[in-house]
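Novice: Input: one structure, supplied below.
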Amino acid sequence: MTLLRISELSERSGVPSSTLRYYERIGLVEPLGRAENGYRLYDPTTLDRLAFIGRAKRLGMRLEDVATLVEAWFAGECEPLQGRLRVFITGRIAELRTNIADESAFERQLERILIRLDEAGTVPERCGPDCGCDTDPLDAAGVDGRDAAVACSLDDSAVEQRVVEWQVLLAAAIRTERAADRLSAVFEPSASIVAELARLSAAETACCPFFTFNLDITAAAAVLTVGVPAGAEAMLDRLVGAALGTVDAARPGVAMGSPGHGVNAPGFVRPARPMPRIGG
């Protein structure tokens, strides 16, 4: 086996030598040893490890996340690796969809300002309240930048189906905390639950853009926080309030998130979607 000096490894991998030294300091790669002249010497399989690290970084992973995956990948443990990837990618999709919804709401604010400018009519000599220039982009949207209109685009039957979906999902919560304008629910960070949290949050954002959904995923838990602007508390009651009430009424005396509930319940099986493998 021919070992590679750091300059050779850098040339073949496309990773700068300075980055390779940094990866060594944080434990992502490790030389087999050093030559008599002090040069680092690397096993050729380090090229595969670097390729994996590069693919993981392109997915948006932090290096500390990559470190937990690379060893599982290098050991050939596919199942735990796919599970971790699924949780991470699902969280990234939810984050991206939230960002898209936020950008869409801001786009609508800008469009409203442009309409005001077009409808201003005769341009006065000095700016004033009616000229269209003196305007706050949030004055028709609320302090958090979301649309002031609190309305759902779903019809009544679709709303009922959505409530059922939230009922099933929230039944899997380890615990929930409800305030007037928000709900926080803590779940096991399993791939199936995280995928369902992301799916429902994205679907709700599409029909009710005034909702805010924050999904925080760690190795210990997945925490979903649902919020509404002032004046929209009834919409939160209609959605998750009804769902929580239905669950409590249907299964009195049984804790939320206990075995046999919701995503953990027999019969609730969401087929796993094929995962792109970054280790291939």
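As shown in the structure tokens, the chain order sets the letters A, B, ...; within each chain, residues go from 1, and ligands are also counted from 1 in the order they appear.
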Would you mind writing down, as a list in words, each residue of region 27-94 of chain A that DSSP on the backbone assigns to strand (DSSP E)?
Specialist: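 Strand (DSSP E) assignments inside region 27-94 of chain A correspond to Gly33, Arg34, Arg40, Leu41 and Tyr42 of chain A.
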Novice: May I have the selected residues written with C-alpha atoms, as a PDB file, in the first residue's frame?
Specialist:
```
ATOM      1  CA  GLY A  33       2.173   8.314  10.835  1.00  0.00           C
ATOM      2  CA  ARG A  34       5.003  10.481   9.607  1.00  0.00           C
ATOM      3  CA  ARG A  40       2.351  13.318   7.362  1.00  0.00           C
ATOM      4  CA  LEU A  41       1.477  10.030   5.644  1.00  0.00           C
ATOM      5  CA  TYR A  42      -2.125   9.053   4.917  1.00  0.00           C
TER       6      TYR A  42
END
```
Novice: Compile the contact shell of Pro80 (chain A) as a PyMOL selection string: residues with an atom at most 12 Å away, counting only C-alpha atoms, same-chain residues fewer than 6 positions apart removed.
Specialist: chain A and resi 68-73+86-87+190-191
Novice: Within 7 Å of region 200-204 of chain A, counting only C-alpha atoms, which residues qualify if same-chain residues fewer than 3 places away don't, as a ChimeraX atom specification?
Specialist: /A:94,97,196-197,207-208,213
Novice: Under the rule that only C-alpha atoms are counted, which of A:Val186, A:Met235, A:Val194, A:Cys78 is the nearest residue to Phe210 (chain A)?
Specialist: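 So, comparing all the options, the nearest one is A:Met235.
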Novice: Quick one, how far is CA of Glu103 (chain A) from CA of Ala219 (chain A)?
Specialist: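 For CA of Glu103 (chain A) relative to CA of Ala219 (chain A), the distance reads 29.3 Å.
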Novice: Can you work out the spacing between CA of Phe211 (chain A) and CA of Gly227 (chain A) in Å, to one decimal?
Specialist: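 Separating CA of Phe211 (chain A) from CA of Gly227 (chain A) is a distance of 5.8 Å.
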Novice: Between A:Val66, A:Val228, A:Val15, A:Leu4, which one has atoms that come closest to Thr45 (chain A), using only C-alpha atoms?
Specialist: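 Of A:Val66, A:Val228, A:Val15, A:Leu4, the one nearest Thr45 (chain A), counting only C-alpha atoms, is A:Leu4.
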Novice: Rounded to one decimal place, report the CA of Trp166 (chain A)-CA of Pro229 (chain A) distance in Å.
Specialist: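 Here the two named atoms are 20.0 Å from each other.
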